[in-house]
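Colleague: Have a look at this one before I ask anything.
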Amino acid sequence: MSTISAPTKCPVCNTDLVLSKTGIDLFCPNNEKCPAQVVQRLSYFCNRDIGNIVGLSDKQIARFVEELDVNDILDLFTLDFEKIEQWEGFGKRSVENLKESIAKLVENGLDDYKLLQALSIEGVGAKTGQLICQSMNYISK
Ligand SMILES: [Zn+2]
């Protein structure tokens, strides 16, 4: 009789998995460097509700991580557009759109609560971010 056992290593970065405080979930503690987690954080930041960097798929973000050594949000602001433009699936127009989205973000900045949300702190979404900012008088509305 065979038994199915829980994985012990992260399938992406091969780090030893850790049991959550609740004892229910296994997670990869390599959150700074695990490529899957980096892609998810960047994808979360790029979405319409936060950074609004339009037209980027998770697959394209994964390519930034793998080939351009993009590891965090700040790296999105120093992308090598000339290189990206050469990639299949990226034309001049999509690179222009990407540049435009990033330039708009630089120009307009992020609301404080969106910045909090973008940090991907467990349990801190838009609403909690707003409440934290309100309680610290960062939002005058
Ligand atoms: Zn991992």
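Letters for chains follow the order of the structure tokens (A, B, ...), residue numbers begin at 1 for each chain, and ligand numbers begin at 1 in the order shown.
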Could you please extract the residues within 8 Å of ligand 1, counting only C-alpha atoms and all ligand atoms, and hand them back as a list in words?
Modeller: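 Protein and nucleic-acid residues within 8 Å of ligand 1: Lys9, Cys10, Pro11, Val12, Cys13, Asn14, Thr15, Cys28, Pro29, Asn30, Asn31, Lys33, Cys34, Pro35, Ala36 and Gln37 of chain A.
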Colleague: With a distance cut-off of 12 Å and only C-alpha atoms, select the neighbouring residues of Glu66 in chain A, excluding the residue or stretch itself and same-chain residues fewer than 2 positions from it, and output the selection as a short mmCIF file (atom, residue, chain, number, x, y, z; two decimals) with N, CA and C atoms, in the first residue's frame.
Modeller:
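The new file around10.cif reads:
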data_model
loop_
_atom_site.label_atom_id
_atom_site.label_comp_id
_atom_site.auth_asym_id
_atom_site.auth_seq_id
_atom_site.Cartn_x
_atom_site.Cartn_y
_atom_site.Cartn_z
N LYS A 33 13.49 35.59 -2.58
CA LYS A 33 14.20 35.10 -3.77
C LYS A 33 13.45 34.04 -4.56
N CYS A 34 12.40 33.46 -4.00
CA CYS A 34 11.67 32.40 -4.71
C CYS A 34 11.05 33.03 -5.97
N PRO A 35 11.47 32.59 -7.17
CA PRO A 35 10.99 33.22 -8.40
C PRO A 35 9.46 33.26 -8.52
N ALA A 36 8.79 32.22 -8.06
CA ALA A 36 7.32 32.20 -8.16
C ALA A 36 6.71 33.31 -7.30
N VAL A 38 8.29 36.10 -6.34
CA VAL A 38 8.69 37.39 -6.92
C VAL A 38 7.72 37.76 -8.05
N VAL A 39 7.42 36.79 -8.92
CA VAL A 39 6.50 37.04 -10.03
C VAL A 39 5.12 37.43 -9.50
N LYS A 59 3.48 35.58 -17.40
CA LYS A 59 4.53 34.94 -18.19
C LYS A 59 5.61 35.95 -18.59
N GLN A 60 5.16 37.15 -18.97
CA GLN A 60 6.12 38.20 -19.35
C GLN A 60 6.90 38.67 -18.12
N ILE A 61 6.21 38.80 -16.99
CA ILE A 61 6.90 39.21 -15.76
C ILE A 61 7.93 38.15 -15.37
N ALA A 62 7.56 36.87 -15.53
CA ALA A 62 8.50 35.78 -15.22
C ALA A 62 9.76 35.90 -16.08
N ARG A 63 9.57 36.33 -17.31
CA ARG A 63 10.72 36.51 -18.20
C ARG A 63 11.61 37.67 -17.72
N PHE A 64 10.98 38.73 -17.21
CA PHE A 64 11.77 39.83 -16.63
C PHE A 64 12.62 39.30 -15.48
N LEU A 68 16.15 39.39 -16.97
CA LEU A 68 16.60 40.76 -16.71
C LEU A 68 16.94 40.96 -15.24
N ASP A 69 16.92 39.85 -14.48
CA ASP A 69 17.26 39.90 -13.06
C ASP A 69 16.38 40.90 -12.29
N VAL A 70 15.11 40.96 -12.66
CA VAL A 70 14.15 41.80 -11.94
C VAL A 70 13.74 41.06 -10.67
N ASN A 71 13.99 41.66 -9.52
CA ASN A 71 13.69 40.98 -8.25
C ASN A 71 12.68 41.69 -7.38
#
Colleague: Write out as JSON lines the residues of range 45-84 of chain A that have any atom within 9 Å of an atom of range 111-115 of chain A, one row each with the nearest atom pair and its distance in Å to one decimal, counting only C-alpha atoms, sorted by chain and then rising number.
Modeller:
{"residue": "A:Asp49", "atom": "CA", "partner": "A:Lys114", "partner_atom": "CA", "distance": 8.1}
{"residue": "A:Ile50", "atom": "CA", "partner": "A:Lys114", "partner_atom": "CA", "distance": 5.8}
{"residue": "A:Gly51", "atom": "CA", "partner": "A:Lys114", "partner_atom": "CA", "distance": 8.2}
Colleague: For Val106 in chain A, which residue out of A:Ser2, A:Leu76, A:Asp58, A:Leu42 is the nearest one, using only C-alpha atoms?
Modeller: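 Residue with the minimum atom-to-atom distance to Val106 in chain A: A:Leu76.
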Colleague: Using DSSP on the backbone coordinates, identify all residues within chain A classified as helix (DSSP H, G or I); present the result as JSON, numbers by chain.
Modeller: {"A": [35, 36, 37, 38, 39, 40, 41, 42, 43, 44, 45, 46, 58, 59, 60, 61, 62, 63, 64, 65, 66, 67, 73, 74, 75, 76, 77, 78, 81, 82, 83, 84, 85, 86, 92, 93, 94, 95, 96, 97, 98, 99, 100, 101, 102, 103, 104, 105, 106, 107, 108, 112, 113, 114, 115, 116, 117, 118, 126, 127, 128, 129, 130, 131, 132, 133, 134, 135]}
Colleague: Restricting the calculation to only C-alpha atoms, which member of A:Glu82, A:Phe90, A:Ala6, A:Lys99 is positioned closest to Leu19 in chain A?
Modeller: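 So, comparing all the options, the nearest one is A:Ala6.
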Colleague: Run DSSP on the backbone and tell me which residues of chain A come out as strand (DSSP E); list them as number ranges by chain.
Modeller: A: 18-19, 26-27
Colleague: Hey, what's within 6 Å of Gly129 in chain A if we count only C-alpha atoms and toss same-chain stuff fewer than 5 positions away? As a CSV table (one decimal) with N, CA and C atoms, in the first residue's frame, please?
Modeller:
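Done, and the output landed in selection_5.csv:
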chain,number,residue,atom,x,y,z
A,113,TYR,N,-2.0,54.5,0.8
A,113,TYR,CA,-2.6,53.2,1.1
A,113,TYR,C,-2.3,52.1,0.0
A,116,LEU,N,1.1,50.9,0.7
A,116,LEU,CA,1.0,49.8,1.8
A,116,LEU,C,0.5,48.5,1.2
A,117,GLN,N,-0.5,48.6,0.3
A,117,GLN,CA,-1.0,47.4,-0.3
A,117,GLN,C,0.0,46.7,-1.2
A,124,VAL,N,-2.9,42.8,4.6
A,124,VAL,CA,-3.0,44.2,4.3
A,124,VAL,C,-3.4,44.4,2.8
Colleague: Show me, as a ChimeraX atom specification, the residues that have an atom within 9 Å of range 45-48 of chain A when counting only C-alpha atoms, minus same-chain residues fewer than 2 positions from it.
Modeller: /A:40-43,50-54,56,73,117-120
Colleague: With N, CA, C and O atoms retained, write the just-selected residues as a PDB file, in the first residue's frame.
Modeller:
ATOM      1  N   GLN A  40       4.629  36.715  -8.497  1.00  0.00           N
ATOM      2  CA  GLN A  40       3.303  37.035  -7.953  1.00  0.00           C
ATOM      3  C   GLN A  40       3.262  38.423  -7.328  1.00  0.00           C
ATOM      4  O   GLN A  40       2.291  39.155  -7.499  1.00  0.00           O
ATOM      5  N   ARG A  41       4.324  38.809  -6.610  1.00  0.00           N
ATOM      6  CA  ARG A  41       4.367  40.154  -6.010  1.00  0.00           C
ATOM      7  C   ARG A  41       4.378  41.238  -7.087  1.00  0.00           C
ATOM      8  O   ARG A  41       3.678  42.240  -6.989  1.00  0.00           O
ATOM      9  N   LEU A  42       5.192  41.014  -8.132  1.00  0.00           N
ATOM     10  CA  LEU A  42       5.270  42.004  -9.212  1.00  0.00           C
ATOM     11  C   LEU A  42       3.937  42.095  -9.951  1.00  0.00           C
ATOM     12  O   LEU A  42       3.468  43.179 -10.274  1.00  0.00           O
ATOM     13  N   SER A  43       3.333  40.935 -10.184  1.00  0.00           N
ATOM     14  CA  SER A  43       2.045  40.895 -10.872  1.00  0.00           C
ATOM     15  C   SER A  43       0.981  41.636 -10.049  1.00  0.00           C
ATOM     16  O   SER A  43       0.186  42.407 -10.590  1.00  0.00           O
ATOM     17  N   ILE A  50      -3.451  48.923  -8.313  1.00  0.00           N
ATOM     18  CA  ILE A  50      -2.274  49.452  -7.606  1.00  0.00           C
ATOM     19  C   ILE A  50      -1.396  50.231  -8.597  1.00  0.00           C
ATOM     20  O   ILE A  50      -1.582  51.418  -8.793  1.00  0.00           O
ATOM     21  N   GLY A  51      -0.442  49.584  -9.222  1.00  0.00           N
ATOM     22  CA  GLY A  51       0.501  50.291 -10.092  1.00  0.00           C
ATOM     23  C   GLY A  51      -0.065  50.639 -11.454  1.00  0.00           C
ATOM     24  O   GLY A  51       0.412  51.538 -12.116  1.00  0.00           O
ATOM     25  N   ASN A  52      -1.072  49.882 -11.874  1.00  0.00           N
ATOM     26  CA  ASN A  52      -1.704  50.092 -13.177  1.00  0.00           C
ATOM     27  C   ASN A  52      -0.682  50.087 -14.317  1.00  0.00           C
ATOM     28  O   ASN A  52      -0.684  50.962 -15.174  1.00  0.00           O
ATOM     29  N   ILE A  53       0.188  49.099 -14.288  1.00  0.00           N
ATOM     30  CA  ILE A  53       1.121  48.898 -15.393  1.00  0.00           C
ATOM     31  C   ILE A  53       0.451  47.882 -16.309  1.00  0.00           C
ATOM     32  O   ILE A  53       0.426  46.695 -16.029  1.00  0.00           O
ATOM     33  N   VAL A  54      -0.124  48.406 -17.368  1.00  0.00           N
ATOM     34  CA  VAL A  54      -1.059  47.606 -18.163  1.00  0.00           C
ATOM     35  C   VAL A  54      -0.381  46.668 -19.150  1.00  0.00           C
ATOM     36  O   VAL A  54       0.726  46.905 -19.613  1.00  0.00           O
ATOM     37  N   LEU A  56       0.779  43.560 -18.980  1.00  0.00           N
ATOM     38  CA  LEU A  56       1.837  42.604 -18.670  1.00  0.00           C
ATOM     39  C   LEU A  56       1.223  41.312 -18.138  1.00  0.00           C
ATOM     40  O   LEU A  56       0.461  41.335 -17.186  1.00  0.00           O
ATOM     41  N   ILE A  73       9.970  45.531  -6.972  1.00  0.00           N
ATOM     42  CA  ILE A  73       9.206  46.573  -7.651  1.00  0.00           C
ATOM     43  C   ILE A  73      10.121  47.649  -8.242  1.00  0.00           C
ATOM     44  O   ILE A  73       9.916  48.099  -9.363  1.00  0.00           O
ATOM     45  N   GLN A 117      -0.485  48.594   0.347  1.00  0.00           N
ATOM     46  CA  GLN A 117      -1.042  47.403  -0.295  1.00  0.00           C
ATOM     47  C   GLN A 117       0.022  46.730  -1.164  1.00  0.00           C
ATOM     48  O   GLN A 117       0.150  45.504  -1.170  1.00  0.00           O
ATOM     49  N   ALA A 118       0.808  47.547  -1.866  1.00  0.00           N
ATOM     50  CA  ALA A 118       1.809  47.022  -2.800  1.00  0.00           C
ATOM     51  C   ALA A 118       2.919  46.254  -2.095  1.00  0.00           C
ATOM     52  O   ALA A 118       3.610  45.453  -2.704  1.00  0.00           O
ATOM     53  N   LEU A 119       3.092  46.497  -0.797  1.00  0.00           N
ATOM     54  CA  LEU A 119       4.162  45.816  -0.065  1.00  0.00           C
ATOM     55  C   LEU A 119       3.842  44.343   0.170  1.00  0.00           C
ATOM     56  O   LEU A 119       4.689  43.597   0.650  1.00  0.00           O
ATOM     57  N   SER A 120       2.612  43.927  -0.158  1.00  0.00           N
ATOM     58  CA  SER A 120       2.205  42.521  -0.025  1.00  0.00           C
ATOM     59  C   SER A 120       2.379  42.001   1.397  1.00  0.00           C
ATOM     60  O   SER A 120       2.856  40.888   1.617  1.00  0.00           O
TER      61      SER A 120
END
Colleague: Using only C-alpha atoms for the distances, tell me which of A:Arg93, A:Gln130, A:Ser57, A:Leu98 is nearest to Asp80 in chain A.
Modeller: A:Leu98
